[in-house]
$ cat model.txt   # compact mmCIF, N, CA and C atoms
# COMPACT_ATOMS: atom_id res chain seq x y z
N MET A 1376 15.21 -8.16 4.15
CA MET A 1376 15.79 -9.03 3.14
C MET A 1376 14.74 -9.40 2.09
N LYS A 1377 13.51 -9.68 2.53
CA LYS A 1377 12.45 -10.05 1.60
C LYS A 1377 12.15 -8.88 0.65
N LYS A 1378 12.12 -7.66 1.19
CA LYS A 1378 11.86 -6.49 0.37
C LYS A 1378 12.96 -6.31 -0.67
N PHE A 1379 14.21 -6.56 -0.29
CA PHE A 1379 15.33 -6.45 -1.21
C PHE A 1379 15.17 -7.45 -2.36
N ASN A 1380 14.76 -8.68 -2.04
CA ASN A 1380 14.58 -9.70 -3.08
C ASN A 1380 13.49 -9.29 -4.08
N ILE A 1381 12.40 -8.73 -3.57
CA ILE A 1381 11.32 -8.29 -4.45
C ILE A 1381 11.80 -7.15 -5.35
N ILE A 1382 12.48 -6.18 -4.78
CA ILE A 1382 13.00 -5.06 -5.57
C ILE A 1382 13.98 -5.57 -6.62
N PHE A 1383 14.86 -6.47 -6.23
CA PHE A 1383 15.82 -7.03 -7.17
C PHE A 1383 15.10 -7.72 -8.32
N MET A 1384 14.06 -8.49 -8.03
CA MET A 1384 13.33 -9.21 -9.07
C MET A 1384 12.63 -8.23 -10.03
N PHE A 1385 12.10 -7.12 -9.50
CA PHE A 1385 11.47 -6.14 -10.37
C PHE A 1385 12.49 -5.56 -11.35
N PHE A 1386 13.66 -5.21 -10.86
CA PHE A 1386 14.70 -4.68 -11.74
C PHE A 1386 15.15 -5.72 -12.75
N ALA A 1387 15.27 -6.96 -12.33
CA ALA A 1387 15.68 -8.03 -13.24
C ALA A 1387 14.64 -8.24 -14.33
N ILE A 1388 13.37 -8.26 -13.94
CA ILE A 1388 12.31 -8.45 -14.92
C ILE A 1388 12.26 -7.27 -15.88
N PHE A 1389 12.40 -6.05 -15.36
CA PHE A 1389 12.40 -4.87 -16.20
C PHE A 1389 13.54 -4.92 -17.19
N ALA A 1390 14.73 -5.31 -16.73
CA ALA A 1390 15.89 -5.39 -17.61
C ALA A 1390 15.71 -6.45 -18.68
N LEU A 1391 15.09 -7.57 -18.32
CA LEU A 1391 14.91 -8.66 -19.28
C LEU A 1391 13.81 -8.35 -20.29
N THR A 1392 12.76 -7.67 -19.87
CA THR A 1392 11.65 -7.41 -20.78
C THR A 1392 11.82 -6.13 -21.57
N GLY A 1393 12.67 -5.23 -21.10
CA GLY A 1393 12.87 -3.96 -21.79
C GLY A 1393 11.71 -3.02 -21.55
N CYS A 1394 11.79 -1.84 -22.14
CA CYS A 1394 10.74 -0.86 -21.89
C CYS A 1394 10.02 -0.45 -23.17
N ASN A 1395 10.20 -1.16 -24.27
CA ASN A 1395 9.48 -0.82 -25.48
C ASN A 1395 8.32 -1.79 -25.69
N ALA A 1396 7.53 -1.54 -26.72
CA ALA A 1396 6.33 -2.34 -26.95
C ALA A 1396 6.57 -3.45 -27.96
N LYS A 1397 7.78 -3.92 -28.07
CA LYS A 1397 8.08 -5.03 -28.97
C LYS A 1397 7.81 -6.34 -28.25
N ALA A 1398 7.00 -7.17 -28.88
CA ALA A 1398 6.64 -8.45 -28.26
C ALA A 1398 7.65 -9.51 -28.66
N GLU A 1399 8.34 -10.05 -27.69
CA GLU A 1399 9.29 -11.13 -27.92
C GLU A 1399 8.54 -12.45 -27.84
N PRO A 1400 8.55 -13.24 -28.91
CA PRO A 1400 7.84 -14.52 -28.86
C PRO A 1400 8.48 -15.49 -27.87
N ILE A 1401 7.65 -16.31 -27.26
CA ILE A 1401 8.10 -17.35 -26.34
C ILE A 1401 8.20 -18.64 -27.15
N ASP A 1402 9.35 -19.25 -27.14
CA ASP A 1402 9.57 -20.49 -27.88
C ASP A 1402 9.34 -21.70 -26.99
N GLY A 1403 9.09 -22.83 -27.61
CA GLY A 1403 9.00 -24.10 -26.89
C GLY A 1403 7.72 -24.32 -26.13
N ILE A 1404 6.65 -23.65 -26.50
CA ILE A 1404 5.37 -23.82 -25.81
C ILE A 1404 4.68 -25.09 -26.32
N GLU A 1405 4.30 -25.94 -25.40
CA GLU A 1405 3.51 -27.13 -25.73
C GLU A 1405 2.06 -26.80 -25.35
N ILE A 1406 1.28 -26.36 -26.34
CA ILE A 1406 -0.05 -25.83 -26.07
C ILE A 1406 -0.98 -26.86 -25.42
N SER A 1407 -0.71 -28.14 -25.58
CA SER A 1407 -1.55 -29.16 -24.94
C SER A 1407 -1.43 -29.13 -23.42
N ASP A 1408 -0.39 -28.45 -22.89
CA ASP A 1408 -0.22 -28.29 -21.44
C ASP A 1408 -1.06 -27.14 -20.88
N TYR A 1409 -1.75 -26.41 -21.75
CA TYR A 1409 -2.48 -25.20 -21.36
C TYR A 1409 -3.97 -25.35 -21.61
N GLU A 1410 -4.74 -24.55 -20.86
CA GLU A 1410 -6.17 -24.45 -21.11
C GLU A 1410 -6.49 -23.01 -21.49
N LEU A 1411 -7.45 -22.85 -22.38
CA LEU A 1411 -7.85 -21.53 -22.86
C LEU A 1411 -8.66 -20.81 -21.78
N LEU A 1412 -8.24 -19.58 -21.43
CA LEU A 1412 -8.99 -18.76 -20.47
C LEU A 1412 -9.87 -17.74 -21.17
N TYR A 1413 -9.36 -17.19 -22.27
CA TYR A 1413 -10.07 -16.08 -22.92
C TYR A 1413 -9.71 -16.07 -24.40
N GLU A 1414 -10.70 -15.66 -25.22
CA GLU A 1414 -10.48 -15.57 -26.66
C GLU A 1414 -11.31 -14.44 -27.24
N ASP A 1415 -10.64 -13.48 -27.91
CA ASP A 1415 -11.31 -12.40 -28.61
C ASP A 1415 -10.25 -11.55 -29.32
N GLY A 1416 -9.81 -11.96 -30.47
CA GLY A 1416 -8.76 -11.25 -31.19
C GLY A 1416 -7.37 -11.69 -30.74
N PHE A 1417 -7.28 -12.28 -29.59
CA PHE A 1417 -6.08 -12.89 -29.02
C PHE A 1417 -6.57 -13.97 -28.07
N GLU A 1418 -5.68 -14.82 -27.65
CA GLU A 1418 -6.06 -15.89 -26.74
C GLU A 1418 -5.14 -15.87 -25.52
N ILE A 1419 -5.72 -16.10 -24.34
CA ILE A 1419 -4.95 -16.20 -23.11
C ILE A 1419 -5.08 -17.62 -22.60
N TYR A 1420 -3.94 -18.23 -22.31
CA TYR A 1420 -3.90 -19.60 -21.82
C TYR A 1420 -3.25 -19.65 -20.44
N MET A 1421 -3.64 -20.66 -19.66
CA MET A 1421 -3.04 -20.92 -18.35
C MET A 1421 -2.62 -22.38 -18.30
N LEU A 1422 -1.47 -22.65 -17.68
CA LEU A 1422 -1.03 -24.03 -17.50
C LEU A 1422 -2.12 -24.85 -16.83
N LYS A 1423 -2.33 -26.06 -17.28
CA LYS A 1423 -3.32 -26.94 -16.66
C LYS A 1423 -2.87 -27.38 -15.28
N GLU A 1424 -1.58 -27.64 -15.13
CA GLU A 1424 -1.04 -28.10 -13.86
C GLU A 1424 0.02 -27.11 -13.36
N ILE A 1425 -0.35 -26.35 -12.35
CA ILE A 1425 0.57 -25.38 -11.73
C ILE A 1425 1.31 -26.11 -10.62
N PRO A 1426 2.63 -26.05 -10.62
CA PRO A 1426 3.39 -26.71 -9.55
C PRO A 1426 3.00 -26.16 -8.17
N ASP A 1427 3.00 -27.04 -7.16
CA ASP A 1427 2.69 -26.61 -5.80
C ASP A 1427 3.72 -25.61 -5.29
N MET A 1428 4.96 -25.83 -5.65
CA MET A 1428 6.04 -24.96 -5.18
C MET A 1428 6.17 -23.78 -6.13
N GLN A 1429 5.90 -22.59 -5.63
CA GLN A 1429 6.00 -21.37 -6.43
C GLN A 1429 7.25 -20.60 -6.04
N TYR A 1430 7.79 -19.86 -6.99
CA TYR A 1430 8.94 -19.01 -6.70
C TYR A 1430 8.51 -17.92 -5.71
N PRO A 1431 9.37 -17.58 -4.74
CA PRO A 1431 9.01 -16.55 -3.75
C PRO A 1431 9.24 -15.14 -4.27
N MET A 1432 8.50 -14.75 -5.32
CA MET A 1432 8.61 -13.39 -5.85
C MET A 1432 7.25 -12.99 -6.39
N ALA A 1433 7.09 -11.72 -6.62
CA ALA A 1433 5.85 -11.20 -7.19
C ALA A 1433 6.20 -10.53 -8.51
N ILE A 1434 5.33 -10.65 -9.48
CA ILE A 1434 5.56 -10.06 -10.78
C ILE A 1434 4.46 -9.03 -11.04
N THR A 1435 4.85 -7.80 -11.29
CA THR A 1435 3.91 -6.74 -11.65
C THR A 1435 3.81 -6.71 -13.17
N ILE A 1436 2.61 -6.80 -13.67
CA ILE A 1436 2.38 -6.79 -15.11
C ILE A 1436 2.25 -5.37 -15.63
N GLU A 1437 1.67 -4.49 -14.81
CA GLU A 1437 1.41 -3.12 -15.24
C GLU A 1437 1.47 -2.22 -14.02
N GLU A 1438 2.07 -1.04 -14.17
CA GLU A 1438 2.10 -0.07 -13.08
C GLU A 1438 0.75 0.64 -13.01
N LEU A 1439 0.10 0.55 -11.86
CA LEU A 1439 -1.20 1.18 -11.65
C LEU A 1439 -1.04 2.37 -10.73
N GLU A 1440 -1.99 3.33 -10.79
CA GLU A 1440 -1.88 4.55 -9.99
C GLU A 1440 -2.20 4.33 -8.52
N ASN A 1441 -3.33 3.71 -8.21
CA ASN A 1441 -3.81 3.66 -6.84
C ASN A 1441 -3.61 2.34 -6.13
N GLU A 1442 -3.17 1.34 -6.84
CA GLU A 1442 -2.94 0.05 -6.20
C GLU A 1442 -1.83 -0.71 -6.93
N THR A 1443 -1.36 -1.72 -6.28
CA THR A 1443 -0.35 -2.59 -6.87
C THR A 1443 -0.95 -3.98 -6.98
N CYS A 1444 -0.82 -4.57 -8.16
CA CYS A 1444 -1.34 -5.92 -8.39
C CYS A 1444 -0.19 -6.81 -8.85
N TYR A 1445 0.01 -7.89 -8.12
CA TYR A 1445 1.07 -8.84 -8.44
C TYR A 1445 0.43 -10.10 -9.01
N LEU A 1446 1.10 -10.69 -9.99
CA LEU A 1446 0.65 -11.95 -10.54
C LEU A 1446 0.74 -13.00 -9.45
N GLY A 1447 -0.37 -13.67 -9.18
CA GLY A 1447 -0.42 -14.64 -8.09
C GLY A 1447 0.35 -15.91 -8.37
N ILE A 1448 0.38 -16.35 -9.61
CA ILE A 1448 1.13 -17.56 -9.98
C ILE A 1448 2.40 -17.11 -10.66
N THR A 1449 3.53 -17.51 -10.11
CA THR A 1449 4.81 -17.00 -10.62
C THR A 1449 5.62 -18.04 -11.39
N THR A 1450 5.05 -19.21 -11.64
CA THR A 1450 5.74 -20.21 -12.46
C THR A 1450 5.99 -19.61 -13.85
N THR A 1451 7.18 -19.77 -14.37
CA THR A 1451 7.52 -19.23 -15.68
C THR A 1451 6.52 -19.71 -16.73
N ASN A 1452 6.00 -18.76 -17.49
CA ASN A 1452 5.04 -19.03 -18.57
C ASN A 1452 3.77 -19.75 -18.10
N ALA A 1453 3.37 -19.49 -16.85
CA ALA A 1453 2.10 -20.06 -16.36
C ALA A 1453 0.94 -19.51 -17.19
N TYR A 1454 1.04 -18.25 -17.57
CA TYR A 1454 0.07 -17.63 -18.45
C TYR A 1454 0.79 -17.20 -19.72
N ILE A 1455 0.17 -17.45 -20.86
CA ILE A 1455 0.73 -17.00 -22.13
C ILE A 1455 -0.39 -16.42 -22.97
N VAL A 1456 -0.01 -15.62 -23.94
CA VAL A 1456 -0.96 -14.99 -24.85
C VAL A 1456 -0.60 -15.42 -26.27
N LYS A 1457 -1.60 -15.82 -27.02
CA LYS A 1457 -1.37 -16.09 -28.45
C LYS A 1457 -1.90 -14.90 -29.22
N TYR A 1458 -0.99 -14.21 -29.90
CA TYR A 1458 -1.34 -13.01 -30.64
C TYR A 1458 -0.51 -12.98 -31.92
N ASP A 1459 -1.16 -12.74 -33.01
CA ASP A 1459 -0.47 -12.68 -34.30
C ASP A 1459 0.30 -13.98 -34.57
N GLU A 1460 -0.34 -15.11 -34.21
CA GLU A 1460 0.21 -16.45 -34.42
C GLU A 1460 1.50 -16.74 -33.65
N LYS A 1461 1.77 -15.94 -32.60
CA LYS A 1461 2.94 -16.15 -31.74
C LYS A 1461 2.49 -16.19 -30.29
N PHE A 1462 3.25 -16.88 -29.47
CA PHE A 1462 3.01 -16.87 -28.03
C PHE A 1462 3.88 -15.79 -27.41
N ILE A 1463 3.24 -14.92 -26.59
CA ILE A 1463 3.94 -13.83 -25.92
C ILE A 1463 3.53 -13.82 -24.44
N SER A 1464 4.22 -13.01 -23.64
CA SER A 1464 3.93 -12.90 -22.22
C SER A 1464 2.76 -11.95 -21.97
N LEU A 1465 2.21 -12.01 -20.76
CA LEU A 1465 1.16 -11.06 -20.37
C LEU A 1465 1.69 -9.63 -20.44
N LYS A 1466 2.91 -9.43 -19.99
CA LYS A 1466 3.53 -8.09 -20.01
C LYS A 1466 3.56 -7.55 -21.44
N ASN A 1467 3.95 -8.39 -22.40
CA ASN A 1467 3.95 -7.96 -23.80
C ASN A 1467 2.54 -7.61 -24.27
N GLY A 1468 1.54 -8.36 -23.81
CA GLY A 1468 0.15 -8.06 -24.16
C GLY A 1468 -0.29 -6.70 -23.65
N VAL A 1469 0.13 -6.35 -22.43
CA VAL A 1469 -0.17 -5.02 -21.88
C VAL A 1469 0.56 -3.95 -22.70
N ASP A 1470 1.84 -4.20 -23.01
CA ASP A 1470 2.63 -3.25 -23.79
C ASP A 1470 2.02 -3.00 -25.17
N LEU A 1471 1.38 -4.02 -25.74
CA LEU A 1471 0.74 -3.89 -27.04
C LEU A 1471 -0.70 -3.36 -26.94
N ASN A 1472 -1.13 -3.03 -25.72
CA ASN A 1472 -2.48 -2.50 -25.46
C ASN A 1472 -3.59 -3.48 -25.85
N LEU A 1473 -3.32 -4.78 -25.71
CA LEU A 1473 -4.36 -5.77 -25.95
C LEU A 1473 -5.33 -5.82 -24.77
N PHE A 1474 -4.82 -5.56 -23.57
CA PHE A 1474 -5.60 -5.61 -22.34
C PHE A 1474 -4.82 -4.88 -21.26
N ASP A 1475 -5.49 -4.69 -20.10
CA ASP A 1475 -4.79 -4.15 -18.94
C ASP A 1475 -4.98 -5.11 -17.78
N THR A 1476 -4.42 -4.77 -16.63
CA THR A 1476 -4.48 -5.65 -15.46
C THR A 1476 -5.92 -5.99 -15.08
N TYR A 1477 -6.80 -5.00 -15.11
CA TYR A 1477 -8.19 -5.24 -14.71
C TYR A 1477 -8.90 -6.15 -15.71
N ASP A 1478 -8.59 -6.01 -17.00
CA ASP A 1478 -9.13 -6.93 -17.99
C ASP A 1478 -8.68 -8.35 -17.68
N LEU A 1479 -7.38 -8.50 -17.38
CA LEU A 1479 -6.84 -9.83 -17.08
C LEU A 1479 -7.54 -10.47 -15.88
N ILE A 1480 -7.82 -9.67 -14.87
CA ILE A 1480 -8.56 -10.18 -13.70
C ILE A 1480 -9.93 -10.68 -14.14
N ASP A 1481 -10.61 -9.90 -15.00
CA ASP A 1481 -11.92 -10.32 -15.52
C ASP A 1481 -11.82 -11.61 -16.34
N TYR A 1482 -10.69 -11.81 -17.03
CA TYR A 1482 -10.50 -13.00 -17.86
C TYR A 1482 -10.14 -14.24 -17.04
N GLY A 1483 -9.86 -14.08 -15.75
CA GLY A 1483 -9.56 -15.22 -14.90
C GLY A 1483 -8.10 -15.37 -14.49
N VAL A 1484 -7.27 -14.38 -14.84
CA VAL A 1484 -5.87 -14.41 -14.41
C VAL A 1484 -5.81 -14.04 -12.93
N ILE A 1485 -5.07 -14.81 -12.15
CA ILE A 1485 -5.04 -14.64 -10.69
C ILE A 1485 -4.03 -13.57 -10.30
N PHE A 1486 -4.54 -12.48 -9.71
CA PHE A 1486 -3.70 -11.40 -9.19
C PHE A 1486 -3.94 -11.22 -7.70
N GLN A 1487 -2.95 -10.69 -7.01
CA GLN A 1487 -3.08 -10.28 -5.62
C GLN A 1487 -2.88 -8.77 -5.61
N CYS A 1488 -3.92 -8.02 -5.23
CA CYS A 1488 -3.87 -6.56 -5.30
C CYS A 1488 -4.01 -5.93 -3.90
N HIS A 1489 -3.39 -4.76 -3.73
CA HIS A 1489 -3.57 -3.98 -2.51
C HIS A 1489 -3.42 -2.51 -2.86
N GLU A 1490 -4.10 -1.66 -2.07
CA GLU A 1490 -4.04 -0.22 -2.30
C GLU A 1490 -2.69 0.33 -1.92
N ASN A 1491 -2.22 1.31 -2.70
CA ASN A 1491 -0.97 2.01 -2.36
C ASN A 1491 -1.28 3.01 -1.26
N LYS A 1492 -0.33 3.17 -0.35
CA LYS A 1492 -0.55 4.12 0.74
C LYS A 1492 0.36 5.29 0.64
$ encode --input "model.txt" --output "structure tokens"
Amino acid sequence: MKKFNIIFMFFAIFALTGCNAKAEPIDGIEISDYELLYEDGFEIYMLKEIPDMQYPMAITIEELENETCYLGITTTNAYIVKYDEKFISLKNGVDLNLFDTYDLIDYGVIFQCHENK
């Protein structure tokens, strides 16, 4: 049942985000609720206060060849990117080739990774 929920969430996220490199801006961001993690041509922010209760799902930001990395914090908009004066998701940042999963790990974004078998 748990595996089904994860698969369902991947399909739902894929359907909602689409498969093109168009960055959909995120509206309603109160930037004072965030702290800056990284800055260099774009900015990555993380919520200052992450709720204790997290959604029981994993979010893949990028498909990797030899391992799978899931976003460790699953609160909606826990991480945001400011690019071209708009706030976008991490997934949109990867789609725009601003960074990849390993860059995000270096910038302080929390991922849980394991090797594919």
$ atom_distance --input "model.txt" --atom1 "CA of Gly1416 in chain A" --atom2 "CA of Asp1459 in chain A"
9.0 Å
$ atom_distance --input "model.txt" --atom1 "atom N of Ile1401 in chain A" --atom2 "CA of Ser1464 in chain A"
7.1 Å
$ atom_distance --input "model.txt" --atom1 "CA of Asp1402 in chain A" --atom2 "CA of Phe1462 in chain A"
7.5 Å
$ select_by_dssp --input "model.txt" --residues "range 1379-1489 of chain A" --states "alpha helix (DSSP H)" --output "MDAnalysis selection string"
chainID A and resid 1379:1392 1465:1470 1476:1482
$ select_by_dssp --input "model.txt" --residues "range 1414-1460 of chain A" --states "strand (DSSP E or B)" --output "VMD selection string"
chain A and resid 1414 1418 to 1422 1434 to 1435 1442 to 1446 1454 to 1458
$ axis_aligned_box --input "model.txt" --around "range 1425-1444 of chain A" --padding-each-side "6 Å" --output "AutoDock Vina command-line options"
--center_x 2.8 --center_y -11.2 --center_z -9.7 --size_x 25.2 --size_y 43.6 --size_z 23.9
$ residues_around --input "model.txt" --residues "range 1426-1442 of chain A" --least-positions-apart "5" --cutoff "6.5 Å" --atoms "only N, CA and C atoms" --output "list in words"
Ile1381, Gly1447, Thr1449, Thr1450, Leu1465, Lys1466, Thr1476, Cys1488, His1489, Glu1490 and Asn1491 of chain A
$ closest_residue --input "model.txt" --among "A:Leu1422, A:Val1469, A:Ile1404, A:Ile1448" --to "Ile1485 in chain A" --atoms "all atoms listed in the file"
A:Ile1448
$ residues_around --input "model.txt" --residues "Lys1457 in chain A" --least-positions-apart "6" --cutoff "8 Å" --atoms "only C-alpha atoms" --output "ChimeraX atom specification"
/A:1417-1420,1463
$ residues_around --input "model.txt" --residues "Glu1414 in chain A" --least-positions-apart "6" --cutoff "12 Å" --atoms "only C-alpha atoms" --output "list of chain:residue names"
A:Tyr1420, A:Val1456, A:Lys1457, A:Tyr1458, A:Leu1473, A:Phe1474, A:Leu1479, A:Tyr1482, A:Gly1483
$ closest_residue --input "model.txt" --among "A:Leu1412, A:Lys1461, A:Lys1423, A:Cys1444" --to "Glu1399 in chain A" --atoms "only N, CA and C atoms"
A:Lys1461
